[in-house]
Structure formats: C-alpha cells, structure tokens
file model.cif (mmCIF, C-alpha atoms and all ligand atoms; chains and numbers go by the auth columns)
data_entry
loop_
_atom_site.group_PDB
_atom_site.id
_atom_site.type_symbol
_atom_site.label_atom_id
_atom_site.label_comp_id
_atom_site.label_asym_id
_atom_site.label_seq_id
_atom_site.Cartn_x
_atom_site.Cartn_y
_atom_site.Cartn_z
_atom_site.B_iso_or_equiv
_atom_site.auth_seq_id
_atom_site.auth_asym_id
ATOM 1 C CA MET A 1 0.000 0.000 0.000 0.00 1 X
ATOM 2 C CA PRO A 2 1.378 3.426 -0.844 0.00 2 X
ATOM 3 C CA LYS A 3 2.173 5.577 2.118 0.00 3 X
ATOM 4 C CA THR A 4 0.090 8.693 2.597 0.00 4 X
ATOM 5 C CA ASP A 5 0.602 11.472 5.084 0.00 5 X
ATOM 6 C CA ASP A 6 -3.116 11.956 5.706 0.00 6 X
ATOM 7 C CA ARG A 7 -2.742 10.693 9.225 0.00 7 X
ATOM 8 C CA ARG A 8 0.208 12.882 9.994 0.00 8 X
ATOM 9 C CA PRO A 9 -0.203 14.308 13.505 0.00 9 X
ATOM 10 C CA ALA A 10 -1.227 17.947 13.788 0.00 10 X
ATOM 11 C CA THR A 11 2.083 18.773 15.443 0.00 11 X
ATOM 12 C CA ALA A 12 3.832 17.861 12.176 0.00 12 X
ATOM 13 C CA GLN A 13 1.853 20.376 10.111 0.00 13 X
ATOM 14 C CA PRO A 14 4.114 22.867 8.382 0.00 14 X
ATOM 15 C CA SER A 15 4.261 26.309 9.974 0.00 15 X
ATOM 16 C CA THR A 16 3.596 27.965 6.593 0.00 16 X
ATOM 17 C CA ARG A 17 1.836 26.885 3.420 0.00 17 X
ATOM 18 C CA ILE A 18 1.864 28.535 -0.002 0.00 18 X
ATOM 19 C CA GLY A 19 -1.076 28.669 -2.413 0.00 19 X
ATOM 20 C CA TYR A 20 -1.401 29.708 -6.036 0.00 20 X
ATOM 21 C CA GLY A 21 -4.545 30.723 -7.922 0.00 21 X
ATOM 22 C CA PHE A 22 -5.232 31.614 -11.532 0.00 22 X
ATOM 23 C CA ASP A 23 -8.435 32.819 -13.172 0.00 23 X
ATOM 24 C CA SER A 24 -9.616 34.457 -16.377 0.00 24 X
ATOM 25 C CA HIS A 25 -12.895 35.884 -17.624 0.00 25 X
ATOM 26 C CA GLU A 26 -14.081 37.398 -20.862 0.00 26 X
ATOM 27 C CA PHE A 27 -15.232 41.013 -21.102 0.00 27 X
ATOM 28 C CA ARG A 28 -18.868 41.421 -22.083 0.00 28 X
ATOM 29 C CA PRO A 29 -20.806 44.634 -22.656 0.00 29 X
ATOM 30 C CA GLY A 30 -23.660 45.701 -20.432 0.00 30 X
ATOM 31 C CA ILE A 31 -22.613 44.078 -17.145 0.00 31 X
ATOM 32 C CA PRO A 32 -20.897 45.652 -14.132 0.00 32 X
ATOM 33 C CA LEU A 33 -17.128 45.201 -13.772 0.00 33 X
ATOM 34 C CA LYS A 34 -16.164 43.771 -10.386 0.00 34 X
ATOM 35 C CA ILE A 35 -12.535 43.352 -9.391 0.00 35 X
ATOM 36 C CA GLY A 36 -11.463 42.583 -5.832 0.00 36 X
ATOM 37 C CA GLY A 37 -14.977 43.149 -4.505 0.00 37 X
ATOM 38 C CA ILE A 38 -15.070 46.678 -5.965 0.00 38 X
ATOM 39 C CA THR A 39 -17.317 47.804 -8.833 0.00 39 X
ATOM 40 C CA LEU A 40 -15.241 49.767 -11.372 0.00 40 X
ATOM 41 C CA GLN A 41 -16.642 52.191 -13.919 0.00 41 X
ATOM 42 C CA HIS A 42 -16.219 50.589 -17.346 0.00 42 X
ATOM 43 C CA ASP A 43 -18.328 49.948 -20.425 0.00 43 X
ATOM 44 C CA LYS A 44 -17.853 46.187 -20.055 0.00 44 X
ATOM 45 C CA GLY A 45 -17.879 43.685 -17.226 0.00 45 X
ATOM 46 C CA LEU A 46 -16.564 40.162 -16.802 0.00 46 X
ATOM 47 C CA GLY A 47 -18.915 37.372 -17.788 0.00 47 X
ATOM 48 C CA GLY A 48 -18.990 33.756 -16.708 0.00 48 X
ATOM 49 C CA HIS A 49 -19.080 32.297 -13.214 0.00 49 X
ATOM 50 C CA SER A 50 -21.015 34.381 -10.660 0.00 50 X
ATOM 51 C CA ASP A 51 -20.217 38.131 -10.763 0.00 51 X
ATOM 52 C CA GLY A 52 -17.021 37.387 -12.738 0.00 52 X
ATOM 53 C CA ASP A 53 -14.709 38.809 -10.073 0.00 53 X
ATOM 54 C CA VAL A 54 -11.498 37.403 -11.515 0.00 54 X
ATOM 55 C CA LEU A 55 -9.340 38.592 -8.612 0.00 55 X
ATOM 56 C CA LEU A 56 -11.512 37.186 -5.823 0.00 56 X
ATOM 57 C CA HIS A 57 -11.755 33.880 -7.715 0.00 57 X
ATOM 58 C CA ALA A 58 -7.966 33.602 -8.012 0.00 58 X
ATOM 59 C CA ILE A 59 -7.542 34.502 -4.318 0.00 59 X
ATOM 60 C CA THR A 60 -10.161 31.906 -3.379 0.00 60 X
ATOM 61 C CA ASP A 61 -8.366 29.217 -5.377 0.00 61 X
ATOM 62 C CA ALA A 62 -4.993 30.206 -3.897 0.00 62 X
ATOM 63 C CA LEU A 63 -6.416 29.848 -0.366 0.00 63 X
ATOM 64 C CA LEU A 64 -8.028 26.505 -1.181 0.00 64 X
ATOM 65 C CA GLY A 65 -4.882 25.274 -2.904 0.00 65 X
ATOM 66 C CA ALA A 66 -2.717 26.181 0.076 0.00 66 X
ATOM 67 C CA ILE A 67 -4.653 23.730 2.263 0.00 67 X
ATOM 68 C CA ALA A 68 -5.100 21.191 -0.573 0.00 68 X
ATOM 69 C CA ALA A 69 -8.889 21.653 -0.502 0.00 69 X
ATOM 70 C CA PRO A 70 -11.158 21.207 -3.574 0.00 70 X
ATOM 71 C CA ASP A 71 -11.004 24.206 -5.920 0.00 71 X
ATOM 72 C CA ILE A 72 -13.621 26.914 -6.483 0.00 72 X
ATOM 73 C CA GLY A 73 -15.145 25.116 -9.476 0.00 73 X
ATOM 74 C CA ALA A 74 -15.636 21.957 -7.426 0.00 74 X
ATOM 75 C CA LEU A 75 -17.144 23.774 -4.435 0.00 75 X
ATOM 76 C CA PHE A 76 -19.287 26.188 -6.466 0.00 76 X
ATOM 77 C CA PRO A 77 -19.933 24.590 -9.893 0.00 77 X
ATOM 78 C CA PRO A 78 -20.469 27.231 -12.611 0.00 78 X
ATOM 79 C CA SER A 79 -23.168 24.922 -13.999 0.00 79 X
ATOM 80 C CA ASP A 80 -25.252 25.438 -10.828 0.00 80 X
ATOM 81 C CA PRO A 81 -27.744 28.278 -11.522 0.00 81 X
ATOM 82 C CA LYS A 82 -27.519 29.151 -7.822 0.00 82 X
ATOM 83 C CA TRP A 83 -24.162 30.875 -8.460 0.00 83 X
ATOM 84 C CA LYS A 84 -25.257 32.884 -11.487 0.00 84 X
ATOM 85 C CA GLY A 85 -24.486 36.518 -10.686 0.00 85 X
ATOM 86 C CA ALA A 86 -23.517 35.556 -7.113 0.00 86 X
ATOM 87 C CA ASP A 87 -21.297 37.834 -5.025 0.00 87 X
ATOM 88 C CA SER A 88 -17.830 36.235 -5.139 0.00 88 X
ATOM 89 C CA VAL A 89 -17.250 37.295 -1.536 0.00 89 X
ATOM 90 C CA ILE A 90 -19.321 34.192 -0.655 0.00 90 X
ATOM 91 C CA PHE A 91 -16.644 31.964 -2.239 0.00 91 X
ATOM 92 C CA LEU A 92 -13.805 33.801 -0.540 0.00 92 X
ATOM 93 C CA ARG A 93 -15.492 33.517 2.860 0.00 93 X
ATOM 94 C CA GLU A 94 -15.932 29.752 2.408 0.00 94 X
ATOM 95 C CA ALA A 95 -12.238 29.398 1.530 0.00 95 X
ATOM 96 C CA LEU A 96 -11.263 31.454 4.603 0.00 96 X
ATOM 97 C CA LYS A 97 -13.494 29.274 6.787 0.00 97 X
ATOM 98 C CA ARG A 98 -11.654 26.204 5.527 0.00 98 X
ATOM 99 C CA VAL A 99 -8.264 27.844 6.057 0.00 99 X
ATOM 100 C CA ASP A 100 -9.283 28.657 9.622 0.00 100 X
ATOM 101 C CA GLY A 101 -10.569 25.107 10.107 0.00 101 X
ATOM 102 C CA ALA A 102 -7.198 23.780 8.982 0.00 102 X
ATOM 103 C CA GLY A 103 -5.519 25.911 11.661 0.00 103 X
ATOM 104 C CA TYR A 104 -4.032 28.571 9.405 0.00 104 X
ATOM 105 C CA GLU A 105 -4.384 32.305 8.769 0.00 105 X
ATOM 106 C CA VAL A 106 -3.317 34.541 5.896 0.00 106 X
ATOM 107 C CA ALA A 107 0.159 36.062 6.248 0.00 107 X
ATOM 108 C CA ASN A 108 0.168 37.951 2.933 0.00 108 X
ATOM 109 C CA ILE A 109 -0.901 37.707 -0.679 0.00 109 X
ATOM 110 C CA ASP A 110 0.497 38.992 -3.948 0.00 110 X
ATOM 111 C CA ALA A 111 -1.607 39.393 -7.088 0.00 111 X
ATOM 112 C CA SER A 112 -1.003 40.273 -10.718 0.00 112 X
ATOM 113 C CA LEU A 113 -3.865 41.371 -12.933 0.00 113 X
ATOM 114 C CA VAL A 114 -3.472 41.233 -16.709 0.00 114 X
ATOM 115 C CA LEU A 115 -5.993 43.344 -18.593 0.00 115 X
ATOM 116 C CA ALA A 116 -5.992 45.967 -21.325 0.00 116 X
ATOM 117 C CA ALA A 117 -8.544 48.263 -19.659 0.00 117 X
ATOM 118 C CA PRO A 118 -9.589 49.911 -17.454 0.00 118 X
ATOM 119 C CA LYS A 119 -6.444 51.179 -15.754 0.00 119 X
ATOM 120 C CA ILE A 120 -6.166 49.625 -12.291 0.00 120 X
ATOM 121 C CA GLY A 121 -3.664 52.138 -10.879 0.00 121 X
ATOM 122 C CA PRO A 122 -6.256 54.728 -9.793 0.00 122 X
ATOM 123 C CA HIS A 123 -8.273 52.002 -8.016 0.00 123 X
ATOM 124 C CA ALA A 124 -5.391 49.979 -6.576 0.00 124 X
ATOM 125 C CA VAL A 125 -5.606 51.405 -3.056 0.00 125 X
ATOM 126 C CA THR A 126 -9.382 50.859 -2.903 0.00 126 X
ATOM 127 C CA ILE A 127 -9.042 47.279 -4.144 0.00 127 X
ATOM 128 C CA ARG A 128 -6.149 46.472 -1.790 0.00 128 X
ATOM 129 C CA THR A 129 -8.047 47.944 1.160 0.00 129 X
ATOM 130 C CA ARG A 130 -11.162 45.904 0.374 0.00 130 X
ATOM 131 C CA VAL A 131 -9.226 42.669 -0.189 0.00 131 X
ATOM 132 C CA ALA A 132 -7.262 43.214 3.041 0.00 132 X
ATOM 133 C CA GLU A 133 -10.521 43.754 4.910 0.00 133 X
ATOM 134 C CA LEU A 134 -11.993 40.552 3.452 0.00 134 X
ATOM 135 C CA LEU A 135 -8.852 38.566 4.355 0.00 135 X
ATOM 136 C CA GLY A 136 -8.479 40.108 7.802 0.00 136 X
ATOM 137 C CA VAL A 137 -4.952 41.383 7.145 0.00 137 X
ATOM 138 C CA HIS A 138 -3.334 44.819 6.946 0.00 138 X
ATOM 139 C CA SER A 139 -3.414 46.350 3.457 0.00 139 X
ATOM 140 C CA ASP A 140 0.421 46.252 3.526 0.00 140 X
ATOM 141 C CA CYS A 141 -0.003 42.476 3.248 0.00 141 X
ATOM 142 C CA VAL A 142 -1.900 42.707 -0.069 0.00 142 X
ATOM 143 C CA GLY A 143 0.291 43.206 -3.130 0.00 143 X
ATOM 144 C CA LEU A 144 -1.429 44.191 -6.370 0.00 144 X
ATOM 145 C CA LYS A 145 0.153 44.794 -9.751 0.00 145 X
ATOM 146 C CA ALA A 146 -1.633 45.361 -13.037 0.00 146 X
ATOM 147 C CA LYS A 147 -0.124 44.691 -16.446 0.00 147 X
ATOM 148 C CA THR A 148 -1.453 45.162 -19.938 0.00 148 X
ATOM 149 C CA PRO A 149 -1.384 41.991 -22.072 0.00 149 X
ATOM 150 C CA GLU A 150 1.440 43.151 -24.357 0.00 150 X
ATOM 151 C CA GLY A 151 1.768 40.938 -27.387 0.00 151 X
ATOM 152 C CA LEU A 152 -0.683 38.371 -26.072 0.00 152 X
ATOM 153 C CA ASN A 153 -3.722 39.335 -28.141 0.00 153 X
ATOM 154 C CA LEU A 154 -5.828 39.020 -24.976 0.00 154 X
ATOM 155 C CA ASP A 155 -7.613 42.369 -24.936 0.00 155 X
ATOM 156 C CA ALA A 156 -11.014 40.706 -24.527 0.00 156 X
ATOM 157 C CA ALA A 157 -10.081 38.988 -21.270 0.00 157 X
ATOM 158 C CA ALA A 158 -9.008 39.765 -17.735 0.00 158 X
ATOM 159 C CA ILE A 159 -6.572 37.433 -16.000 0.00 159 X
ATOM 160 C CA ALA A 160 -5.515 37.172 -12.368 0.00 160 X
ATOM 161 C CA HIS A 161 -2.571 35.325 -10.830 0.00 161 X
ATOM 162 C CA VAL A 162 -2.358 35.162 -7.032 0.00 162 X
ATOM 163 C CA VAL A 163 0.023 33.648 -4.522 0.00 163 X
ATOM 164 C CA VAL A 164 -0.876 33.462 -0.864 0.00 164 X
ATOM 165 C CA LEU A 165 1.172 32.576 2.190 0.00 165 X
ATOM 166 C CA LEU A 166 -0.592 31.012 5.156 0.00 166 X
ATOM 167 C CA GLN A 167 0.870 30.724 8.616 0.00 167 X
ATOM 168 C CA LYS A 168 -0.164 28.393 11.371 0.00 168 X
ATOM 169 C CA VAL A 169 -2.403 30.092 13.929 0.00 169 X
ATOM 170 C CA ARG A 170 -0.517 30.468 17.165 0.00 170 X
ATOM 171 C CA GLN A 171 -2.107 29.727 20.510 0.00 171 X
ATOM 172 C CA LYS A 172 -2.741 33.469 20.958 0.00 172 X
ATOM 173 C CA ARG A 173 -6.359 32.876 19.967 0.00 173 X
ATOM 174 C CA ARG A 174 -6.938 31.010 23.199 0.00 174 X
ATOM 175 C CA ARG A 175 -8.648 33.375 25.560 0.00 175 X
ATOM 176 C CA LYS A 176 -6.204 35.029 27.882 0.00 176 X
ATOM 177 C CA LYS A 177 -7.565 36.004 31.260 0.00 177 X
ATOM 178 C CA SER A 178 -6.596 38.894 33.511 0.00 178 X
ATOM 179 C CA ARG A 179 -4.000 40.465 31.254 0.00 179 X
HETATM 180 ZN ZN ZN B . -13.630 33.110 -12.178 0.00 1 R
#

call {"tool": "encode", "arguments": {"input": "model.cif", "output": "structure tokens", "more": "lines below"}}
Ligand SMILES: [Zn+2]
result
Amino acid sequence: MPKTDDRRPATAQPSTRIGYGFDSHEFRPGIPLKIGGITLQHDKGLGGHSDGDVLLHAITDALLGAIAAPDIGALFPPSDPKWKGADSVIFLREALKRVDGAGYEVANIDASLVLAAPKIGPHAVTIRTRVAELLGVHSDCVGLKAKTPEGLNLDAAAIAHVVVLLQKVRQKRRRKKSR
C-alpha cells in the first residue's frame, strides 16, 4: 500500500503553506465590472461564473490550494444556476473558513492582474483595502500589480494570478484572562 501522510499528527503540520490561484474571464458589454470586490466604472464587465470577479476567484483558489482543498469550481460549480451573478465574496469567505478550520491564517498575498482596460492604478488602493478587509490582514499584506497583455492578443479577457502565504495560527487565539 502506498504511504500517505493523511494521518500525519497535527504537530507535524508545516508552519507555513503557499497557495497559487489563476483565473480568467471574458469582457462582455452591459454588465458591471467587479474586481477585488469593488465595482469599477467601465463599459464592459466580466462574464462567466457568478459576478465574474477574476481577482476574488484567483484569491479563493490560492487559499483553497494552500490547504489542498477542492477548488472553487468543485465547491461552487459554474453549472449550478444558484451561483449565477452571485457575489464572489461568498466563495472567498468559504475558503477562509476552511483555512481557519485547517488551523491557518493569511500572512500575505500577492496578485497580478493582466488586462488591457480599465487602468487599475487609480483604483489599486481601494481594491487592496477591500481585499485586506476581506482577508483580515493589513493592506500592507496585499500586493497588487496590473499589467497590460502586451503581445498576447488578450484584450477581450481579464486574468488574475495570485500567490498566498498562510501561517499556522498560534495559541494566541486562546482566551487570555486577567491580562
Ligand atoms: Zn472566475
């Protein structure tokens, strides 16, 4: 029988875990553009799964990947009409619940967005602040870069790459009395 580490004792869990998430959505006219939980003014939005929030989807998958949980498509199938137009914050919260259940918390994340328009720079602080709030970290722990898809012929799509670092929750959460 092949050896598995599924029964590894909790004490042997690594102190940090890394996760990676990728997502892409196609621009479509006449729908709102949501990126990082923020609605941006633009003549097109991102179609597909739920509200099409490409950044929150990639963050969600990075969190799930870090704890080797099923991915966003497995937990929230795009084929299920229940998730049509859904707020992607729901997916992120589920991933965070699982991270917490596994005994970890977010240390920091770093994200790269690839899209031709709109410009992300003017909205970067707002997006980072919102994402930090959702993740329960300081906004200094949310990196966000935006690139245009030079030479990729991908002007009709938005892409997000995210890496996340989790750290094991220390015993600090145990209630401390008379301090
Ligand atoms: Zn997506």

call {"tool": "residues_around", "arguments": {"input": "model.cif", "residues": "region 61-67 of chain X", "least_positions_apart": "3", "cutoff": "12 Å", "atoms": "all atoms listed in the file", "output": "ChimeraX atom specification"}}
result
/X:13-14,16-23,54-58,70-76,88,91-111,135,160-168

call {"tool": "write_last_selection", "arguments": {"input": "model.cif", "atoms": "C-alpha atoms", "output": "short mmCIF file (atom, residue, chain, number, x, y, z; two decimals), keeping the file's coordinate frame"}}
result
data_model
loop_
_atom_site.label_atom_id
_atom_site.label_comp_id
_atom_site.auth_asym_id
_atom_site.auth_seq_id
_atom_site.Cartn_x
_atom_site.Cartn_y
_atom_site.Cartn_z
CA GLN X 13 1.85 20.38 10.11
CA PRO X 14 4.11 22.87 8.38
CA THR X 16 3.60 27.96 6.59
CA ARG X 17 1.84 26.88 3.42
CA ILE X 18 1.86 28.54 0.00
CA GLY X 19 -1.08 28.67 -2.41
CA TYR X 20 -1.40 29.71 -6.04
CA GLY X 21 -4.54 30.72 -7.92
CA PHE X 22 -5.23 31.61 -11.53
CA ASP X 23 -8.44 32.82 -13.17
CA VAL X 54 -11.50 37.40 -11.52
CA LEU X 55 -9.34 38.59 -8.61
CA LEU X 56 -11.51 37.19 -5.82
CA HIS X 57 -11.76 33.88 -7.72
CA ALA X 58 -7.97 33.60 -8.01
CA PRO X 70 -11.16 21.21 -3.57
CA ASP X 71 -11.00 24.21 -5.92
CA ILE X 72 -13.62 26.91 -6.48
CA GLY X 73 -15.14 25.12 -9.48
CA ALA X 74 -15.64 21.96 -7.43
CA LEU X 75 -17.14 23.77 -4.43
CA PHE X 76 -19.29 26.19 -6.47
CA SER X 88 -17.83 36.24 -5.14
CA PHE X 91 -16.64 31.96 -2.24
CA LEU X 92 -13.80 33.80 -0.54
CA ARG X 93 -15.49 33.52 2.86
CA GLU X 94 -15.93 29.75 2.41
CA ALA X 95 -12.24 29.40 1.53
CA LEU X 96 -11.26 31.45 4.60
CA LYS X 97 -13.49 29.27 6.79
CA ARG X 98 -11.65 26.20 5.53
CA VAL X 99 -8.26 27.84 6.06
CA ASP X 100 -9.28 28.66 9.62
CA GLY X 101 -10.57 25.11 10.11
CA ALA X 102 -7.20 23.78 8.98
CA GLY X 103 -5.52 25.91 11.66
CA TYR X 104 -4.03 28.57 9.40
CA GLU X 105 -4.38 32.30 8.77
CA VAL X 106 -3.32 34.54 5.90
CA ALA X 107 0.16 36.06 6.25
CA ASN X 108 0.17 37.95 2.93
CA ILE X 109 -0.90 37.71 -0.68
CA ASP X 110 0.50 38.99 -3.95
CA ALA X 111 -1.61 39.39 -7.09
CA LEU X 135 -8.85 38.57 4.36
CA ALA X 160 -5.52 37.17 -12.37
CA HIS X 161 -2.57 35.33 -10.83
CA VAL X 162 -2.36 35.16 -7.03
CA VAL X 163 0.02 33.65 -4.52
CA VAL X 164 -0.88 33.46 -0.86
CA LEU X 165 1.17 32.58 2.19
CA LEU X 166 -0.59 31.01 5.16
CA GLN X 167 0.87 30.72 8.62
CA LYS X 168 -0.16 28.39 11.37
#

call {"tool": "closest_residue", "arguments": {"input": "model.cif", "among": "X:Asp87, X:Asp80, X:Val114, X:Ile38", "to": "Leu154 (chain X)", "atoms": "all atoms listed in the file"}}
result
X:Val114

call {"tool": "resolve_selection", "arguments": {"input": "model.cif", "expression": "the PyMOL selection byres (((chain X and resi 122-134) around 9) and not hetatm)", "output": "PDB file with C-alpha atoms, in the frame of the given file"}}
result
ATOM      1  CA  ILE X  35     -12.535  43.352  -9.391  1.00  0.00           C
ATOM      2  CA  GLY X  36     -11.463  42.583  -5.832  1.00  0.00           C
ATOM      3  CA  GLY X  37     -14.977  43.149  -4.505  1.00  0.00           C
ATOM      4  CA  ILE X  38     -15.070  46.678  -5.965  1.00  0.00           C
ATOM      5  CA  LEU X  40     -15.241  49.767 -11.372  1.00  0.00           C
ATOM      6  CA  LEU X  56     -11.512  37.186  -5.823  1.00  0.00           C
ATOM      7  CA  VAL X  89     -17.250  37.295  -1.536  1.00  0.00           C
ATOM      8  CA  LEU X  92     -13.805  33.801  -0.540  1.00  0.00           C
ATOM      9  CA  ARG X  93     -15.492  33.517   2.860  1.00  0.00           C
ATOM     10  CA  LYS X 119      -6.444  51.179 -15.754  1.00  0.00           C
ATOM     11  CA  ILE X 120      -6.166  49.625 -12.291  1.00  0.00           C
ATOM     12  CA  GLY X 121      -3.664  52.138 -10.879  1.00  0.00           C
ATOM     13  CA  LEU X 135      -8.852  38.566   4.355  1.00  0.00           C
ATOM     14  CA  GLY X 136      -8.479  40.108   7.802  1.00  0.00           C
ATOM     15  CA  VAL X 137      -4.952  41.383   7.145  1.00  0.00           C
ATOM     16  CA  HIS X 138      -3.334  44.819   6.946  1.00  0.00           C
ATOM     17  CA  SER X 139      -3.414  46.350   3.457  1.00  0.00           C
ATOM     18  CA  ASP X 140       0.421  46.252   3.526  1.00  0.00           C
ATOM     19  CA  CYS X 141      -0.003  42.476   3.248  1.00  0.00           C
ATOM     20  CA  VAL X 142      -1.900  42.707  -0.069  1.00  0.00           C
ATOM     21  CA  GLY X 143       0.291  43.206  -3.130  1.00  0.00           C
ATOM     22  CA  LEU X 144      -1.429  44.191  -6.370  1.00  0.00           C
ATOM     23  CA  LYS X 145       0.153  44.794  -9.751  1.00  0.00           C
ATOM     24  CA  ALA X 146      -1.633  45.361 -13.037  1.00  0.00           C
TER      25      ALA X 146
END

call {"tool": "resolve_selection", "arguments": {"input": "model.cif", "expression": "the PyMOL selection byres (((chain X and resi 25) around 9) and not hetatm)", "output": "PyMOL selection string"}}
result
chain X and resi 23-24+26-27+46-49+52-54+156-159

call {"tool": "atom_distance", "arguments": {"input": "model.cif", "atom1": "CA of Arg28 (chain X)", "atom2": "CA of Asp43 (chain X)"}}
result
8.7 Å

call {"tool": "atom_distance", "arguments": {"input": "model.cif", "atom1": "CA of Thr148 (chain X)", "atom2": "CA of Pro32 (chain X)"}}
result
20.3 Å

call {"tool": "closest_residue", "arguments": {"input": "model.cif", "among": "X:Gly30, X:Thr39, X:Gly85, X:Ala69", "to": "ligand ZN 1 (chain R)", "atoms": "only C-alpha atoms and all ligand atoms"}}
result
X:Gly85

call {"tool": "residues_around", "arguments": {"input": "model.cif", "residues": "Pro149 (chain X)", "least_positions_apart": "2", "cutoff": "9 Å", "atoms": "all atoms listed in the file", "output": "PyMOL selection string"}}
result
chain X and resi 114-116+147+151-155

call {"tool": "atom_distance", "arguments": {"input": "model.cif", "atom1": "CA of Pro29 (chain X)", "atom2": "CA of Ser79 (chain X)"}}
result
21.7 Å

call {"tool": "residues_around", "arguments": {"input": "model.cif", "residues": "Gln41 (chain X)", "least_positions_apart": "5", "cutoff": "10 Å", "atoms": "all atoms listed in the file", "output": "short mmCIF file (atom, residue, chain, number, x, y, z; two decimals) with C-alpha atoms, in the coordinates of the input"}}
result
data_model
loop_
_atom_site.label_atom_id
_atom_site.label_comp_id
_atom_site.auth_asym_id
_atom_site.auth_seq_id
_atom_site.Cartn_x
_atom_site.Cartn_y
_atom_site.Cartn_z
CA PRO X 32 -20.90 45.65 -14.13
CA LEU X 33 -17.13 45.20 -13.77
CA LYS X 34 -16.16 43.77 -10.39
CA PRO X 118 -9.59 49.91 -17.45
#

call {"tool": "closest_residue", "arguments": {"input": "model.cif", "among": "X:Glu150, X:Trp83, X:Ala117, X:Arg170", "to": "Gly45 (chain X)", "atoms": "all atoms listed in the file"}}
result
X:Ala117

call {"tool": "closest_residue", "arguments": {"input": "model.cif", "among": "X:Ala68, X:Asp51, X:His42, X:Lys84", "to": "ligand ZN 1 (chain R)", "atoms": "all atoms listed in the file"}}
result
X:Asp51

call {"tool": "closest_residue", "arguments": {"input": "model.cif", "among": "X:Lys44, X:Thr60, X:Leu113, X:Lys82", "to": "ligand ZN 1 (chain R)", "atoms": "all atoms listed in the file"}}
result
X:Thr60
